[in-house]
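Everything below concerns the one structure shown next.
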4 protein chains.
Amino acid sequence: MTLDATQANAQIKDKGDARGRAARAGMRLRERLFAMRAQSHKLASPLSAEDQTVQAMDDASPTKWHLAHTSWFFETFVLVRHLPGYRVFDDSFHYCFNSYYEAEGPRHPRPFRGLLTRPPLDSVMAYRAHVDYALARLADSGAFAQEPVASLIELGINHEEQHQELLLTDILALFAQNPLRPAYSDAALPLPGKAQPVEWIAFNGGIEKAGADGAVFCFDNELPRHDVLVRPFRLASRPVTNGEWLEFMNDGGYDTASLWLSDGWAIVRKEEWRAPLYYEEREGRWMQMSLQGLVEPDPAAPVTHVSYYEADAFARWAGKRLPSEFEWEVAAAQAMDGDAPNDVAMEAYRPLPLSTAGKGRLRQMLGDVWEWTSSAYLPYPGFRAAPGAVGEYNGKFMVNQHVLRGGSCATARGHSRITYRNFFYPHQRWQFTGLRLADDGN
Amino acid sequence: MTLDATQANAQIKDKGDARGRAARAGMRLRERLFAMRAQSHKLASPLSAEDQTVQAMDDASPTKWHLAHTSWFFETFVLVRHLPGYRVFDDSFHYCFNSYYEAEGPRHPRPFRGLLTRPPLDSVMAYRAHVDYALARLADSGAFAQEPVASLIELGINHEEQHQELLLTDILALFAQNPLRPAYSDAALPLPGKAQPVEWIAFNGGIEKAGADGAVFCFDNELPRHDVLVRPFRLASRPVTNGEWLEFMNDGGYDTASLWLSDGWAIVRKEEWRAPLYYEEREGRWMQMSLQGLVEPDPAAPVTHVSYYEADAFARWAGKRLPSEFEWEVAAAQAMDGDAPNDVAMEAYRPLPLSTAGKGRLRQMLGDVWEWTSSAYLPYPGFRAAPGAVGEYNGKFMVNQHVLRGGSCATARGHSRITYRNFFYPHQRWQFTGLRLADDGN
Amino acid sequence: MTLDATQANAQIKDKGDARGRAARAGMRLRERLFAMRAQSHKLASPLSAEDQTVQAMDDASPTKWHLAHTSWFFETFVLVRHLPGYRVFDDSFHYCFNSYYEAEGPRHPRPFRGLLTRPPLDSVMAYRAHVDYALARLADSGAFAQEPVASLIELGINHEEQHQELLLTDILALFAQNPLRPAYSDAALPLPGKAQPVEWIAFNGGIEKAGADGAVFCFDNELPRHDVLVRPFRLASRPVTNGEWLEFMNDGGYDTASLWLSDGWAIVRKEEWRAPLYYEEREGRWMQMSLQGLVEPDPAAPVTHVSYYEADAFARWAGKRLPSEFEWEVAAAQAMDGDAPNDVAMEAYRPLPLSTAGKGRLRQMLGDVWEWTSSAYLPYPGFRAAPGAVGEYNGKFMVNQHVLRGGSCATARGHSRITYRNFFYPHQRWQFTGLRLADDGN
Amino acid sequence: MTLDATQANAQIKDKGDARGRAARAGMRLRERLFAMRAQSHKLASPLSAEDQTVQAMDDASPTKWHLAHTSWFFETFVLVRHLPGYRVFDDSFHYCFNSYYEAEGPRHPRPFRGLLTRPPLDSVMAYRAHVDYALARLADSGAFAQEPVASLIELGINHEEQHQELLLTDILALFAQNPLRPAYSDAALPLPGKAQPVEWIAFNGGIEKAGADGAVFCFDNELPRHDVLVRPFRLASRPVTNGEWLEFMNDGGYDTASLWLSDGWAIVRKEEWRAPLYYEEREGRWMQMSLQGLVEPDPAAPVTHVSYYEADAFARWAGKRLPSEFEWEVAAAQAMDGDAPNDVAMEAYRPLPLSTAGKGRLRQMLGDVWEWTSSAYLPYPGFRAAPGAVGEYNGKFMVNQHVLRGGSCATARGHSRITYRNFFYPHQRWQFTGLRLADDGN
């Protein structure tokens with residue numbers, strides 16, 4: 001056997017191996033896809049058709065809309081384009097359930113999503129079944145092992161996971177306005193029982209890498225991986241707690257103009273903010289509306305539902321500051337002890353003590369609260385939006401917002417990662433948003 | 001037998017007669033009450049729980065809210081006060097389902113009625129059953145034959161009939177914003193198939209009586225019956241039709257400032273009104289959203305969903321004017337040929353040719369469209385609001401609105417009458433509102 | 001001399017007499033015109049160019065604008081059409097200083113009148129001189145003795161007198177928002193030093209005449225004179241005073257929902273009304289911003305700057321009601337002891353004790369405060385708007401407003417009369433508006 | 001003579017030298033101060049008292065207010081604290097003319113600055129004279145040679161220079177809404193007669209210094225000087241011109257959603273933007289309102305009055321991007337050929353060809369238009385706001401805005417510098433704002 005034949009054989013084997021690897025990856029993708037789709041149903045299951053139809057406010061969407069829109073996403077970007085003979089479930093859904101994709105044409109205006117009592121929930125569930133069946137056929141055809149379908153399925157999974165979190169925050173926004181203050185569920189999302197005393201972890205800074213390397217799935221806004229210059233800094237070992245926030249409130253934090261950014265102070269006065277969003281005073285005691293109904297805030301748990309303005313004011317009151325998104329990412333990466341950042345997935349619905357030994361003692365970095373950073377949400381150097389409608393995913397929102405890092409107790413299990421960039425407007429509070437303090441380490 | 005004994009016997013018999021009459025009246029009231037309550041369920045029956053929960057706009061309310069509020073009305077003003085041992089169904093409902101009664105304490109704000117996904121529809125239906133059962137017990141006790149219960153039941157019936165009409169107009173407002181333009185029902189509310197040529201009926205005027213005489217039920221705003229001075233006038237034999245309205249549109253009615261009141265012209269430009277509320281242009285043809293879905297407007301049917309401003313502008317364009325509420329009432333009374341005005345009940349869901357022979361040829365006076373009048377909604381001379389919360393029924397709205405007379409195809413059968421005073425703001429259009437022309441008869 | 005000759009002579013003499021009378025009327029008109037024009041300058045004279053340029057709020061206009069607009073009125077409706085060879089002062093003024101005449105084409109939007117720093121005040125004064133000179137030439141030509149010029153001049157006089165009142169109310173609105181609370185003038189507009197105890201004057205009612213007979217100038221909305229049916233009523237001998245209003249305030253008037261119309265209560269809460277418009281609390285005492293600066297309210301003087309909602313609530317609190325516009329007019333006419341209503345001119349800037357003896361003891365009917373009536377502002381039966389732009393004068397505002405009768409301390413001397421119908425929206429308070437109580441006399 | 005004595009002498013001499021240098025610096029400061037104060041008067045001189053009183057919009061202030069506020073700044077932060085026996089001109093001015101300093105107590109609300117017809121312009125001019133006289137006395141006392149007075153005077157000069165620019169942009173905003181489109185002045189602010197063809201200047205990047213070194217005056221937001229990591233990039237040799245902007249317009253730039261940030265697209269549709277702020281179409285041709293009145297836009301001149309959204313969309317349309325603020329600063333510094341960045345002052349009212357030879361050919365970097373950068377306005381690492389009211393100068397605005405670099409034709413001569421950070425909200429357009437393109441140099 002000649003060298004050439006050996007080489008040819010090896011190539012055939014390589015090709016076969018590659019084909020085998022792709023097929024196995026396709027099968028894993030299929031499993032993840034349908035587990036994720038089932039999770040959406042599980043999240044909606046405590047809710048009546050009435051609960052699922054109503055829109056709490058302009059920023060929020062109804063559960064039914066989330067369930068339909070995520071299916072529309074698969075239908076429009078995967079099935080219509082890549083499953084031969086696919087039959088669109090209902091032409092009118094295209095108008096009803098497009099969110100913001102200008103390239104996909106006119107759509108039902110966002111503030112009126114709550115008016116869609118038709119199509120009924122039953123039809124939306126039938127839509128989901130129709131799409132799931134078609135996705136299964138597409139998987140059967142082997143397409144999940146090939147591009148671009150594999151990537152689009154991955155994007156669709158991550159997209160629907162984002163809406164799973166919104167489903168929870170939006171239903172909380174709805175129930176918080178209901179005079180009955182109903183609970184979404186009796187089972188508490190697991191939050192840490194006891195706050196550790198804060199430790200200050202020091203980092204040296206230097207020229208560091210930030211952003212995703214593309215080895216595993218990431219959103220376009222995490223790309224490209226690039227050098228950042230980070231000065232020496234320290235990060236608190238855990239987020240700010242309800243107990244600490246009450247100190248801020250009792251010290252007149254909401255009445256002291258000098259603690260606040262000018263835009264923040266304007267909204268504090270206009271909206272008469274006196275506490276985080278879901279705090280309310282009942283007979284002289286602070287209570288907090290939550291997915292478990294009206295409860296006493298746990299002083300040891302991270303404060304949630306604070307705006308960027310409040311986080312920034314708290315940090316100033318505490319003589320500290322918010323970390324930049326790169327300080328946060330560099331610290332998280334180093335705390336992993338050299339693990340490649342993209343491999344660290346969060347354990348959803350469970351606080352992740354990122355590392356309890358060794359160099360890093362950073363705690364609750366993923367899975368407790370989204371942490372406001374001092375960084376405006378802007379493109380990384382060299383960022384390019386994808387062409388077509390999918391390219392509207394993240395880039396067009398890169399102004400007027402701030403980056404949040406980490407992940408919250410409502411984030412889907414395994415969804416977030418160290419390079420993940422969440423973003424909201426500085427005044428928004430309906431997400432599970434909190435903060436972690438930083439300083440210059442002097 | 002002495003004269004005295006005879007008299008005593010007669011008195012006993014009178015008392016017995018009176019008691020018998022009251023008992024029979026109580027029985028009739030009971031029948032009407034439960035027939036009316038059942039009608040509410042029938043009206044809601046084509047609607048899903050989702051449909052019944054959502055609020056179309058600030059002016060409108062969800063079906064579920066109408067069903068609950070009308071029961072709250074019976075509970076609060078009848079059962080709690082007059083049924084010994086009555087147990088309130090759920091304390092929280094008092095806050096949720098009070099509409100506007102300041103005397104009854106704080107209440108859920110009107111624009112947020114659509115957020116009440118809880119209590120669920122099932123609970124509201126249980127609430128209705130609970131209230132119905134208690135009302136039946138109250139009837140059994142004989143209380144319907146006595147005051148004040150008899151009057152309060154009568155008020156409750158008429159109150160819920162008003163909400164039955166709103167239920168229909170509010171669900172139309174919701175479906176008109178749904179991109180699917182769903183039909184509430186296939187069966188058309190009966191409207192006249194063919195417009196008669198307009199005749200002009202002349203009336204002499206003079207000092208006439210207006211207002212209710214209290215012999216049968218009326219709202220407080222129809223009282224007291226009093227003299228009015230009416231000049232000679234003529235009234236059109238039927239309301240303005242869609243066909244005539246299209247002529248107005250085609251003649252540039254919506255573009256001609258000189259036809260409009262100043263406030264009306266401002267809203268025409270701001271809201272870009274070009275047609276009645278539910279008209280929409282589809283491929284160059286005018287269609288009309290209705291309870292039967294999107295249909296072609298019938299040129300022979302009365303135009304509906306026009307504001308006072310539009311009605312007034314149309315009349316000016318036609319070289320006519322709107323009648324005053326007293327002209328309307330005097331004409332209707334005379335058209336009855338001497339019938340006592342309060343005995344004329346409308347046949348709901350069916351156009352009522354008030355009289356096709358004799359002196360009056362006025363048509364479609366009750367049961368087609370509410371007819372805007374030139375009269376501002378003000379108290380009659382000597383009007384006194386009832387004391388307590390029930391007194392908030394009509395009086396506190398006596399500013400900024402105009403009176404409408406007649407009744408619409410959506411008005412409950414038998415609800416309206418010749419002295420009935422409906423009222424809305426001049427810009428409002430979501431009711432079945434139209435107009436009938438008048439002139440000075442010169 | 002034959003009979004014919006005698007007749008011919010008489011006719012000549014008649015014609016001559018008529019001509020003479022017209023000439024004398026023209027001369028009187030000329031005198032009144034220029035006296036009125038000079039009065040506008042006198043009213044503006046305490047104000048700097050800065051004061052005259054700024055607009056206090058959307059409802060108000062700058063002094064400079066009033067001065068220019070009233071001249072534009074003469075230019076557009078008199079000079080351009082009736083003075084041969086008249087040269088328009090500046091073409092751009094037509095756009096700048098048209099108020100609301102749709103028939104006269106596009107115009108500078110009302111809320112931006114305060115941005116017109118150009119044309120400068122000097123140019124506006126030159127404009128006035130130019131118009132005055134042309135009006136003098138027109139008078140010299142004898143045109144004031146003929147129609148339609150005579151009527152248009154009369155209308156122009158009355159129009160500018162209305163703006164003289166607005167000039168005062170609008171400058172007060174401006175100065176009330178200035179932290180220095182400047183005085184327009186040291187000299188108080190004469191107000192009654194001492195309130196008389198209230199007497200209740202009874203009137204019999206019946207079929208009465210209302211409206212102007214056209215013998216002297218009136219606005220179109222006072223026409224035609226017509227029969228009204230008035231029930232027996234009583235009218236208070238004088239308006240409600242500041243002292244009485246303080247009792248209402250101290251009795252919780254602004255905190256008691258049951259006293260208020262629903263629309264009124266909504267604005268009380270939204271705008272946090274606690275007192276008449278220009279009342280403000282300084283170190284626990286109520287002060288009142290006025291044309292004399294910040295002063296203590298005189299308990300004996302009529303309360304001013306109250307809305308219809310407040311007037312109506314006060315009357316309800318007092319167990320009385322507001323009079324209708326016809327009750328007011330009938331009472332005023334009878335108080336005159338048979339004088340023809342149109343001959344009664346008010347003495348401006350001086351409270352007019354309409355009659356201190358005889359049948360009527362009604363006081364302060366003209367020249368103190370505009371008195372809110374219970375009557376909505378609607379056309380009289382048979383009202384016809386004039387053709388063309390002048391016809392936009394009053395008719396197009398006949399919705400959503402209430403009639404005020406009488407006249408205020410800021411009304412031009414001789415401007416008002418018993419048949420005069422002023423009108424404002426129920427929430428408006430920047431005019432000198434007060435109230436007089438009425439009841440049914442039982 | 002001992003060494004000690006020699007040293008002592010030298011020290012004395014050093015002290016004397018230092019004292020002399022300080023005295024000379026104090027004299028120069030005095031000269032600059034009064035020249036700057038006179039320049040404010042010169043800028044106001046073409047304007048009438050009326051022009052100087054009115055406020056064009058919420059974002060803008062009246063000329064009179066600028067003149068008074070800048071004097072209040074000297075009075076409050078310099079004279080009251082550092083001139084013994086200083087008598088405050090008028091206590092009420094403190095309330096009227098504080099801009100936004102919360103630490104200085106309540107103040108007249110910004111949107112109502114245009115209502116201040118009192119104090120009159122004459123009083124404001126007297127206020128300026130009063131403050132100038134006191135500043136001269138303070139200078140006479142030698143205080144300008146010492147801290148903290150020297151720094152506060154410097155700050156006051158720079159502060160008033162900022163208001164000089166605002167005075168011009170705000171009067172343009174006023175005149176642009178005047179139907180007469182008046183010119184502020186006939187003399188054009190000098191703008192380049194002819195656009196050079198664009199050249200693309202390449203820069204290597206690396207770790208560079210940015211921010212002021214404190215050797216000469218700077219604002220607190222330029223501190224501290226710190227390292228930044230800059231990637232290789234190219235910068236256009238000149239700003240984008242009107243001619244190029246017209247190409248963007250003609251190519252449908254304002255109609256193409258995919259070019260725009262989502263927030264930008266929303267405002268484009270809501271406000272119906274079709275061109276830069278002061279462009280208007282007249283008979284089919286684009287004209288531009290300017291300080292010289294309505295003129296044809298010069299195709300060779302930099303486009304002005306564009307928002308960040310428009311600048312960003314244009315760059316995307318052109319296949320380029322906006323530079324970061326550090327790219328801009330590094331490029332400007334290198335273009336100086338090694339000159340210390342802080343020594344480069346702009347020549348106001350004259351386009352500055354920063355360098356026409358050698359390495360850099362960058363043109364019009366200072367003195368033409370403020371150039372939007374891609375950088376959000378955030379604190380530099382280590383930034384600390386000054387304590388007290390002066391500390392409110394810049395820091396509290398560090399959210400929701402973007403940095404602009406350079407300087408405009410309206411910027412005071414010598415005011416700007418390479419490290420200068422101007423900042424506005426992304427939607428604001430009334431400043432002389434334009435853009436310069438960048439790319440990654442590939």
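All residue names refer to the structure tokens as shown: chains lettered A, B, ... in order, residues numbered from 1 in each chain, ligands numbered from 1 in order.
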Q: Could you please tell me, as a list of chain:residue names, which residues of chain C have an atom within 6 Å of chain B when using only C-alpha atoms?
A: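 Here is what falls inside 6 Å: C:Leu261, C:Ser262, C:Lys396, C:Phe397, C:Asn400.
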Q) What does the C-alpha RMSD come to when chain C is least-squares superposed onto chain D, all C-alpha atoms paired in sequence order? A)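 After superposition, the RMSD is 0.2 Å.
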Using only C-alpha atoms, which residues sit within 8 Å of Arg225 of chain C once same-chain residues fewer than 2 positions away are excluded, as a PDB file with N, CA and C atoms, in the first residue's frame?
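Below you can see around10.pdb, which holds the result:
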ATOM      1  N   LYS C 209     -88.621  87.163  26.988  1.00  0.00           N
ATOM      2  CA  LYS C 209     -87.788  87.371  25.822  1.00  0.00           C
ATOM      3  C   LYS C 209     -86.319  87.293  26.251  1.00  0.00           C
ATOM      4  N   ALA C 210     -85.498  86.719  25.409  1.00  0.00           N
ATOM      5  CA  ALA C 210     -84.061  86.744  25.654  1.00  0.00           C
ATOM      6  C   ALA C 210     -83.354  86.958  24.331  1.00  0.00           C
ATOM      7  N   GLY C 211     -82.148  87.491  24.433  1.00  0.00           N
ATOM      8  CA  GLY C 211     -81.365  87.747  23.230  1.00  0.00           C
ATOM      9  C   GLY C 211     -81.525  89.182  22.784  1.00  0.00           C
ATOM     10  N   ALA C 212     -80.627  89.592  21.921  1.00  0.00           N
ATOM     11  CA  ALA C 212     -80.578  90.975  21.469  1.00  0.00           C
ATOM     12  C   ALA C 212     -81.609  91.221  20.374  1.00  0.00           C
ATOM     13  N   ASP C 213     -82.101  92.460  20.319  1.00  0.00           N
ATOM     14  CA  ASP C 213     -83.086  92.778  19.278  1.00  0.00           C
ATOM     15  C   ASP C 213     -82.441  93.427  18.063  1.00  0.00           C
ATOM     16  N   GLU C 222     -75.737  86.487  20.151  1.00  0.00           N
ATOM     17  CA  GLU C 222     -76.845  87.015  20.961  1.00  0.00           C
ATOM     18  C   GLU C 222     -78.170  87.001  20.196  1.00  0.00           C
ATOM     19  N   LEU C 223     -78.112  86.574  18.974  1.00  0.00           N
ATOM     20  CA  LEU C 223     -79.278  86.613  18.082  1.00  0.00           C
ATOM     21  C   LEU C 223     -79.816  85.219  17.833  1.00  0.00           C
ATOM     22  N   ASP C 227     -88.288  83.697  22.503  1.00  0.00           N
ATOM     23  CA  ASP C 227     -88.985  83.373  23.746  1.00  0.00           C
ATOM     24  C   ASP C 227     -88.241  82.298  24.521  1.00  0.00           C
TER      25      ASP C 227
END
Q: Name the residues in contact with Arg118 of chain B at a cut-off of 12 Å, using only C-alpha atoms, excluding same-chain residues fewer than 5 positions from it; report them as JSON, numbers by chain.
A: {"A": [47, 48, 49, 50, 51, 52, 54, 174, 175, 176, 177, 178, 179, 180, 181, 182, 183, 184], "B": [49, 50, 53, 54, 64, 65, 68, 92, 93, 96, 97, 113, 123, 124]}
Q.
So the first atom is atom CA of Asp58 of chain A and the second is atom CA of Tyr279 of chain A; what is the distance between them in Å, to one decimal place?
A.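 It comes out at 20.8 Å.
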Q | Nearby residues (only C-alpha atoms) at most 12 Å from Leu246 of chain C, same-chain spacing under 6 positions excluded, as a ChimeraX atom specification | A | /C:240,252-254,274-276,279,285-287,297-300,302-303,314
Q: Using only C-alpha atoms, determine which residues lie at most 12 Å from Ala136 of chain B, disregarding the query and same-chain residues fewer than 6 positions distant; provide the list as a PyMOL selection string.
A: chain B and resi 26-27+29-31+33-34+37+74+79+83+129-130+142-144+153
Q) How would you write, as a VMD selection string, the set of residues in segment 137-234 of chain C that DSSP gives as helix (DSSP H, G or I)? A) chain C and resid 137 to 140 143 to 145 149 to 175 220 to 222
Q) So how many Å separate atom CA of Ala410 of chain B and atom CA of Glu165 of chain B, to one decimal? A)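 If I compute the distance from atom CA of Ala410 of chain B to atom CA of Glu165 of chain B, I get 5.4 Å.
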